Each structure stands twice: as structure tokens, then as C-alpha cells.
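J.: Data file input_21.csv (CSV, C-alpha atoms) is appended below.
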```csv
chain,number,residue,atom,x,y,z
A,1,MET,CA,5.8,-15.7,14.7
A,2,LYS,CA,6.4,-14.6,11.1
A,3,ILE,CA,5.0,-11.4,9.7
A,4,MET,CA,4.4,-10.9,6.0
A,5,VAL,CA,4.3,-7.4,4.6
A,6,ALA,CA,3.1,-6.5,1.1
A,7,VAL,CA,4.9,-3.5,-0.5
A,8,LYS,CA,4.3,-1.8,-3.8
A,9,ARG,CA,6.5,0.3,-6.2
A,10,VAL,CA,4.7,3.5,-7.2
A,11,VAL,CA,5.6,7.0,-8.6
A,12,ASP,CA,7.1,9.0,-5.8
A,13,TYR,CA,4.5,11.0,-3.9
A,14,ALA,CA,6.5,14.3,-4.5
A,15,VAL,CA,6.6,13.8,-8.3
A,16,LYS,CA,4.1,15.8,-10.5
A,17,ILE,CA,2.1,13.3,-12.4
A,18,ARG,CA,2.1,13.5,-16.2
A,19,ILE,CA,-0.3,11.9,-18.6
A,20,LYS,CA,1.2,10.0,-21.6
A,21,PRO,CA,0.7,11.7,-25.0
A,22,ASP,CA,-1.6,8.9,-26.2
A,23,LYS,CA,-3.6,9.2,-23.0
A,24,SER,CA,-3.2,5.5,-22.3
A,25,GLY,CA,-1.9,6.0,-18.7
A,26,VAL,CA,0.5,7.9,-16.5
A,27,GLU,CA,4.1,8.5,-17.6
A,28,THR,CA,6.6,6.3,-15.7
A,29,GLN,CA,9.6,6.5,-17.9
A,30,ASN,CA,12.5,8.5,-16.3
A,31,VAL,CA,10.3,9.2,-13.3
A,32,LYS,CA,11.4,8.7,-9.7
A,33,MET,CA,9.7,5.7,-8.2
A,34,SER,CA,9.6,4.7,-4.5
A,35,MET,CA,7.7,2.5,-2.0
A,36,ASN,CA,4.1,3.3,-1.5
A,37,PRO,CA,3.8,5.5,1.6
A,38,PHE,CA,1.1,3.3,3.2
A,39,CYS,CA,3.3,0.2,2.6
A,40,GLU,CA,6.2,2.0,4.4
A,41,ILE,CA,3.9,2.4,7.4
A,42,ALA,CA,2.9,-1.3,7.3
A,43,LEU,CA,6.6,-2.3,7.1
A,44,GLU,CA,7.5,0.0,10.0
A,45,GLU,CA,4.8,-1.5,12.1
A,46,ALA,CA,6.0,-5.0,11.4
A,47,LEU,CA,9.5,-4.1,12.3
A,48,LYS,CA,8.4,-2.5,15.6
A,49,ILE,CA,6.5,-5.7,16.5
A,50,LYS,CA,9.6,-7.7,15.7
A,51,GLU,CA,11.8,-5.4,17.8
A,52,SER,CA,9.4,-5.8,20.7
A,53,GLY,CA,10.1,-9.5,20.7
A,54,LEU,CA,6.6,-10.6,19.5
A,55,ALA,CA,7.9,-11.8,16.1
A,56,LYS,CA,11.0,-13.5,14.8
A,57,GLU,CA,10.9,-12.7,11.1
A,58,VAL,CA,9.6,-10.0,8.7
A,59,VAL,CA,9.2,-11.0,5.1
A,60,ALA,CA,8.6,-8.3,2.5
A,61,VAL,CA,6.7,-9.2,-0.7
A,62,THR,CA,6.3,-7.2,-3.9
A,63,MET,CA,4.9,-8.0,-7.3
A,64,GLY,CA,5.6,-6.5,-10.8
A,65,PRO,CA,8.5,-6.2,-13.3
A,66,SER,CA,12.1,-6.7,-12.4
A,67,ASN,CA,12.7,-3.1,-11.3
A,68,CYS,CA,10.4,-3.7,-8.4
A,69,VAL,CA,13.4,-5.4,-6.7
A,70,ASP,CA,14.7,-1.9,-6.0
A,71,THR,CA,11.6,-1.3,-3.8
A,72,LEU,CA,12.1,-4.7,-2.1
A,73,ARG,CA,15.8,-3.8,-1.4
A,74,THR,CA,14.5,-0.6,0.3
A,75,GLY,CA,12.3,-2.7,2.5
A,76,LEU,CA,15.3,-5.0,3.4
A,77,ALA,CA,17.4,-1.9,4.2
A,78,MET,CA,14.6,-0.7,6.6
A,79,GLY,CA,15.0,-4.0,8.4
A,80,ALA,CA,13.0,-6.8,6.7
A,81,ASP,CA,14.8,-10.1,7.0
A,82,ARG,CA,14.2,-11.4,3.5
A,83,GLY,CA,12.2,-10.6,0.4
A,84,ILE,CA,9.9,-12.3,-2.1
A,85,HIS,CA,9.4,-11.0,-5.6
A,86,VAL,CA,6.6,-12.3,-7.8
A,87,GLU,CA,7.6,-11.2,-11.3
A,88,ALA,CA,4.7,-10.1,-13.5
A,89,ALA,CA,5.1,-8.1,-16.7
A,90,ARG,CA,1.6,-6.6,-16.8
A,91,ASP,CA,-0.1,-4.4,-14.2
A,92,LEU,CA,-2.0,-6.3,-11.6
A,93,VAL,CA,-5.5,-5.5,-10.4
A,94,PRO,CA,-6.3,-5.9,-6.7
A,95,LEU,CA,-8.0,-9.3,-7.1
A,96,SER,CA,-4.9,-10.7,-8.9
A,97,VAL,CA,-2.7,-9.4,-6.1
A,98,ALA,CA,-4.9,-10.9,-3.5
A,99,LYS,CA,-4.8,-14.3,-5.2
A,100,VAL,CA,-1.0,-14.2,-5.4
A,101,LEU,CA,-0.8,-13.2,-1.7
A,102,LYS,CA,-3.1,-16.0,-0.8
A,103,LYS,CA,-0.7,-18.5,-2.4
A,104,LEU,CA,2.3,-17.0,-0.7
A,105,VAL,CA,0.6,-17.1,2.7
A,106,GLU,CA,0.0,-20.8,2.1
A,107,VAL,CA,3.7,-21.3,1.4
A,108,GLU,CA,5.1,-19.0,4.2
A,109,ASN,CA,2.4,-19.6,6.8
A,110,PRO,CA,2.8,-16.2,8.6
A,111,GLY,CA,1.2,-15.2,11.9
A,112,PHE,CA,-0.4,-12.3,10.2
A,113,LEU,CA,-0.3,-10.2,7.0
A,114,ILE,CA,0.0,-6.5,7.1
A,115,LEU,CA,-0.2,-4.1,4.2
A,116,GLY,CA,-1.1,-0.4,3.4
A,117,LYS,CA,-4.7,0.4,3.1
A,118,GLN,CA,-4.3,1.6,-0.4
A,119,ALA,CA,-1.7,2.5,-3.0
A,120,ILE,CA,-1.3,6.1,-4.1
A,121,ASP,CA,-1.3,5.3,-7.8
A,122,ASP,CA,-4.7,3.6,-8.2
A,123,ASP,CA,-6.2,4.4,-4.8
A,124,CYS,CA,-8.3,1.2,-5.0
A,125,ASN,CA,-8.3,0.3,-1.3
A,126,GLN,CA,-9.4,-3.3,-2.1
A,127,THR,CA,-6.5,-5.7,-1.8
A,128,GLY,CA,-6.5,-6.1,2.0
A,129,GLN,CA,-10.3,-6.8,2.1
A,130,MET,CA,-10.0,-9.3,-0.8
A,131,ILE,CA,-7.1,-11.3,0.7
A,132,ALA,CA,-8.9,-11.5,4.0
A,133,ALA,CA,-12.0,-12.9,2.2
A,134,LEU,CA,-9.9,-15.4,0.2
A,135,LEU,CA,-8.1,-16.6,3.3
A,136,GLY,CA,-11.1,-16.5,5.6
A,137,TRP,CA,-9.1,-14.5,8.1
A,138,PRO,CA,-10.4,-11.6,10.3
A,139,GLN,CA,-9.4,-8.2,9.1
A,140,GLY,CA,-8.7,-4.8,10.7
A,141,THR,CA,-8.6,-2.1,8.1
A,142,PHE,CA,-7.5,1.6,8.4
A,143,ALA,CA,-5.5,0.7,11.5
A,144,SER,CA,-4.2,3.7,13.6
A,145,LYS,CA,-3.0,1.4,16.5
A,146,VAL,CA,-2.0,-2.2,16.7
A,147,VAL,CA,-1.4,-4.2,19.9
A,148,LEU,CA,-0.5,-7.9,19.8
A,149,ASP,CA,-1.1,-10.4,22.6
A,150,LYS,CA,1.1,-13.4,21.7
A,151,GLU,CA,-0.2,-15.6,24.5
A,152,LYS,CA,-3.8,-15.2,23.6
A,153,GLN,CA,-3.0,-15.0,19.9
A,154,VAL,CA,-5.1,-11.9,19.3
A,155,ALA,CA,-4.5,-8.5,17.9
A,156,THR,CA,-6.3,-5.4,19.1
A,157,VAL,CA,-6.7,-2.8,16.4
A,158,ASP,CA,-7.9,0.8,16.6
A,159,ARG,CA,-9.3,1.8,13.2
A,160,GLU,CA,-10.4,5.2,11.9
A,161,VAL,CA,-14.0,5.4,10.9
A,162,ASP,CA,-16.2,8.4,10.0
A,163,GLY,CA,-17.5,8.8,13.6
A,164,GLY,CA,-14.1,8.5,15.3
A,165,LEU,CA,-12.2,5.3,16.4
A,166,GLU,CA,-13.5,1.7,16.4
A,167,THR,CA,-11.6,-1.0,18.4
A,168,LEU,CA,-11.5,-4.5,17.1
A,169,CYS,CA,-10.1,-7.7,18.7
A,170,LEU,CA,-8.9,-10.1,16.0
A,171,ASP,CA,-8.0,-13.7,16.4
A,172,LEU,CA,-4.6,-14.5,14.7
A,173,PRO,CA,-3.8,-15.1,11.9
A,174,ALA,CA,-5.4,-11.9,10.6
A,175,VAL,CA,-5.1,-9.2,7.9
A,176,ILE,CA,-4.3,-5.6,8.9
A,177,THR,CA,-4.2,-2.6,6.6
A,178,THR,CA,-2.5,0.5,7.9
A,179,ASP,CA,-3.6,4.2,7.9
A,180,LEU,CA,-1.4,7.3,8.0
A,181,ARG,CA,-1.4,7.9,11.7
A,182,LEU,CA,-0.2,4.5,12.8
A,183,ASN,CA,3.5,5.4,12.9
A,184,GLN,CA,6.4,7.4,11.3
A,185,PRO,CA,8.5,5.1,9.0
A,186,ARG,CA,12.2,5.1,9.6
A,187,TYR,CA,14.9,6.0,7.1
A,188,ALA,CA,17.2,3.3,5.8
A,189,THR,CA,20.8,4.0,7.0
A,190,LEU,CA,23.8,3.6,4.8
A,191,PRO,CA,25.1,0.5,6.7
A,192,ASN,CA,21.7,-1.1,6.4
A,193,ILE,CA,21.5,-0.3,2.7
A,194,MET,CA,24.8,-2.1,2.2
A,195,LYS,CA,23.6,-5.1,4.3
A,196,ALA,CA,20.4,-5.3,2.3
A,197,LYS,CA,22.4,-6.2,-0.8
A,198,SER,CA,23.2,-9.6,0.7
A,199,LYS,CA,19.8,-10.4,2.1
A,200,PRO,CA,18.0,-13.2,0.2
A,201,ILE,CA,15.2,-12.5,-2.3
A,202,LYS,CA,13.2,-15.5,-3.5
A,203,ARG,CA,11.6,-15.2,-6.9
A,204,TYR,CA,8.3,-16.7,-8.2
A,205,THR,CA,6.2,-16.3,-11.2
A,206,PRO,CA,2.4,-16.3,-11.1
A,207,GLU,CA,2.5,-19.6,-13.0
A,208,GLU,CA,4.6,-21.2,-10.4
A,209,LEU,CA,2.1,-20.2,-7.8
A,210,ASN,CA,-0.7,-21.5,-10.0
A,211,VAL,CA,-2.4,-18.1,-10.3
A,212,GLU,CA,-3.9,-16.9,-13.5
A,213,ILE,CA,-3.3,-13.2,-14.1
A,214,LYS,CA,-6.1,-11.5,-15.9
A,215,SER,CA,-8.0,-8.2,-15.7
A,216,ASP,CA,-11.7,-7.5,-16.1
A,217,LEU,CA,-10.9,-3.8,-16.5
A,218,GLU,CA,-10.0,-1.9,-19.7
A,219,VAL,CA,-8.6,1.6,-19.6
A,220,VAL,CA,-10.3,3.6,-22.2
A,221,GLN,CA,-8.6,6.9,-21.6
A,222,VAL,CA,-6.7,8.7,-18.9
A,223,THR,CA,-7.1,12.5,-18.8
A,224,GLU,CA,-6.1,15.3,-16.5
A,225,PRO,CA,-8.8,17.0,-14.3
A,226,PRO,CA,-10.0,20.3,-15.6
A,227,LYS,CA,-7.8,23.2,-14.5
A,228,ARG,CA,-9.3,25.3,-11.7
A,229,LYS,CA,-10.0,29.0,-12.4
A,230,ALA,CA,-8.0,31.6,-10.4
A,231,GLY,CA,-9.7,33.0,-7.4
A,232,VAL,CA,-10.8,36.6,-7.1
A,233,ILE,CA,-10.6,39.1,-4.2
A,234,LEU,CA,-13.9,40.7,-3.3
A,235,SER,CA,-14.2,44.1,-1.7
A,236,SER,CA,-17.3,43.5,0.4
A,237,VAL,CA,-19.8,40.9,1.8
A,238,ASP,CA,-22.5,42.3,-0.5
A,239,GLU,CA,-20.3,41.6,-3.6
A,240,LEU,CA,-19.7,38.0,-2.3
A,241,ILE,CA,-23.4,37.5,-1.8
A,242,ASP,CA,-24.2,38.8,-5.3
A,243,LYS,CA,-21.7,36.4,-6.9
A,244,LEU,CA,-22.9,33.4,-4.9
A,245,LYS,CA,-26.5,34.2,-5.9
A,246,ASN,CA,-26.1,35.3,-9.5
A,247,GLU,CA,-23.0,33.5,-10.7
A,248,ALA,CA,-22.6,30.4,-8.6
A,249,HIS,CA,-26.3,30.0,-8.0
A,250,VAL,CA,-25.8,28.4,-4.6
A,251,ILE,CA,-28.1,30.8,-2.6
```
Would you kindly transcribe this structure into C-alpha cells?
T.:
Amino acid sequence: MKIMVAVKRVVDYAVKIRIKPDKSGVETQNVKMSMNPFCEIALEEALKIKESGLAKEVVAVTMGPSNCVDTLRTGLAMGADRGIHVEAARDLVPLSVAKVLKKLVEVENPGFLILGKQAIDDDCNQTGQMIAALLGWPQGTFASKVVLDKEKQVATVDREVDGGLETLCLDLPAVITTDLRLNQPRYATLPNIMKAKSKPIKRYTPEELNVEIKSDLEVVQVTEPPKRKAGVILSSVDELIDKLKNEAHVI
């Protein structure tokens, strides 16, 4: 069985985000970029499944400009067998990503598709659900545990919901999106980083996949949230009640 994993290049989670002077978006020039943390978890789960003998190949997929190949190489260094890069100059909205993934699934015919539940740059949390709808595949979102049964061709997924955990049994092929508590991603070792340089990366354009890239969204302005006021230390409960009643007006 082949597993396809979608990964995304984003601003590193430890970097302090800065808004561009013209307020058109987030500054990405000379900023450290890395693989989206949820995508790392998805890739780690795919590698674990392969190492358990339930899959023969892990294919990492990314979309975006040419520097996205760096993120793809990171995935190959973690253990993916080969990569696919769909080169797109403009930012892709979730529906466009889902359409591209659908075409790649038709080309690669994987046993299932796994991806992070969301990216930390736009926090859309839409791509997994959209690709499942386009493919007509069952989906297990927010997965905190994944168990495959190769003989029965099913996947059992524990997913995190507001009330606790929900367990789903999905017929394969299926789409799974990963949550934070699914696993702890591995670090790429130096030997594997060197090996990743020789692993194949196939390149496509959206036009070659017969996908029209367009957006129904327009960014009007990006602004920082208002700065929070410093807290104060109160000397008594009576003073706290007075402020809650007369300043905050919450009691």
C-alpha cells in the first residue's frame, strides 16, 4: 500500500510574526520557514505505518514556489521515499489545494491520504474535508490514534471532539487529518539529510494537472491584534469585586 502525505511550508512556529508595512500580509522575507507542525505529525504517522510493514511507500507532496522544495527535502530526510512538488507562484486557497491533491491521488492511487488538520499560517482547517468530499472518500479528522487493518482494508481512528474521544471505522481508501496528540515527530539525522538529496522529486504545474488556480477571497488588510493592557495587583477581594463591578461591568 502507498501512503500520500501533504506537507506545507510555513513561517516557523517559534518566529515572532511581523506585518508588512503596507498591511498586505505577513512578512516572509528573511524569515525562518519550516514544515507545518501538523504536517510533521502526519508524515511521522505515515512513516510509522510503513515501518510496521503495513505500507510499502510514503510519498510527500507540497505545493507552492520553488523554495517549497526545501520543506519537501526535510520530509525526505525524515524518511519519505520520494516527493512531488506542484509549483505555483501564488498563494493557494484550501479548495485549490484540494483540487490539486485530487488529481495527484488519481495519478498515484494511494491507499490513503494523510495530512495535518490545519496549517499554522492561515488556520483554515478545510483542506482535508474538501479533498475527502471531492474524492468521495470517508474521512477521519482530528485523529489522535490511527490503527490500520490491512486484511479488512479498514482504518480505525480515534478523533478528538468537544465531549472527549470518538472512534470511527473507515473503509480504505480514506482521508485522515492529524491532531497534536497523535505522535511526536522524529528529527532528521545528518545521514538521512544527505540521503534525501538523492531521493527523486517529481514536478508538476497546476496546468499539467488540468487544475485552474483561482481565489474567491481578497485580502483587504492585515493588522495586528490590539495590545493587551498590563495587569494590576489588587490588595483585597473587596477591591477585586469593586473593579469587576464598576470598571469591567461583569457583575
J.: Pick the closest to Leu172 of chain A from A:Ile120, A:Arg90, A:Lys229, A:Met1: which is it, counting only C-alpha atoms?
T.: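 Answer, going by the shortest atom-to-atom distance: A:Met1.
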J.: Do you know which residues are at most 12 Å from Arg181 of chain A counting only C-alpha atoms, after dropping those on the same chain fewer than 5 positions away, and could you put them as a VMD selection string?
T.: chain A and resid 37 to 38 41 to 42 45 116 to 117 142 to 146 158 to 160
J.: Using all atoms listed in the file, can you tell me which of A:Asn183, A:Ser96, A:Thr127, A:Ser235 comes closest to Glu212 of chain A?
T.: A:Ser96
J.: May I ask for the distance between atom CA of Leu148 of chain A and atom CA of Ser34 of chain A, given in Å to one decimal place?
T.: 29.2 Å
J.: Could you please determine the separation between atom CA of Ala46 of chain A and atom CA of Ala133 of chain A in Å, to one decimal place?
T.: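 Answer for the atom CA of Ala46 of chain A to atom CA of Ala133 of chain A separation: 21.7 Å.
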J.: Choose the residue, out of A:Arg9, A:Lys103, A:Lys245, A:Arg73, that has the smallest atom-to-atom separation from Pro200 of chain A; count all atoms listed in the file.
T.: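 For Pro200 of chain A, the nearest of the given residues is A:Arg73.
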J.: Rank A:Glu247, A:Asp242, A:Asp70, A:Glu166 by their smallest atom-to-atom distance to Val7 of chain A, using all atoms listed in the file, and report the top residue only.
T.: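 Among the listed residues, A:Asp70 lies closest to Val7 of chain A.
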J.: Which residue, A:Val175, A:Leu168, A:Ala248, A:Ile84, has the smallest gap to Gly64 of chain A when you use only C-alpha atoms?
T.: A:Ile84
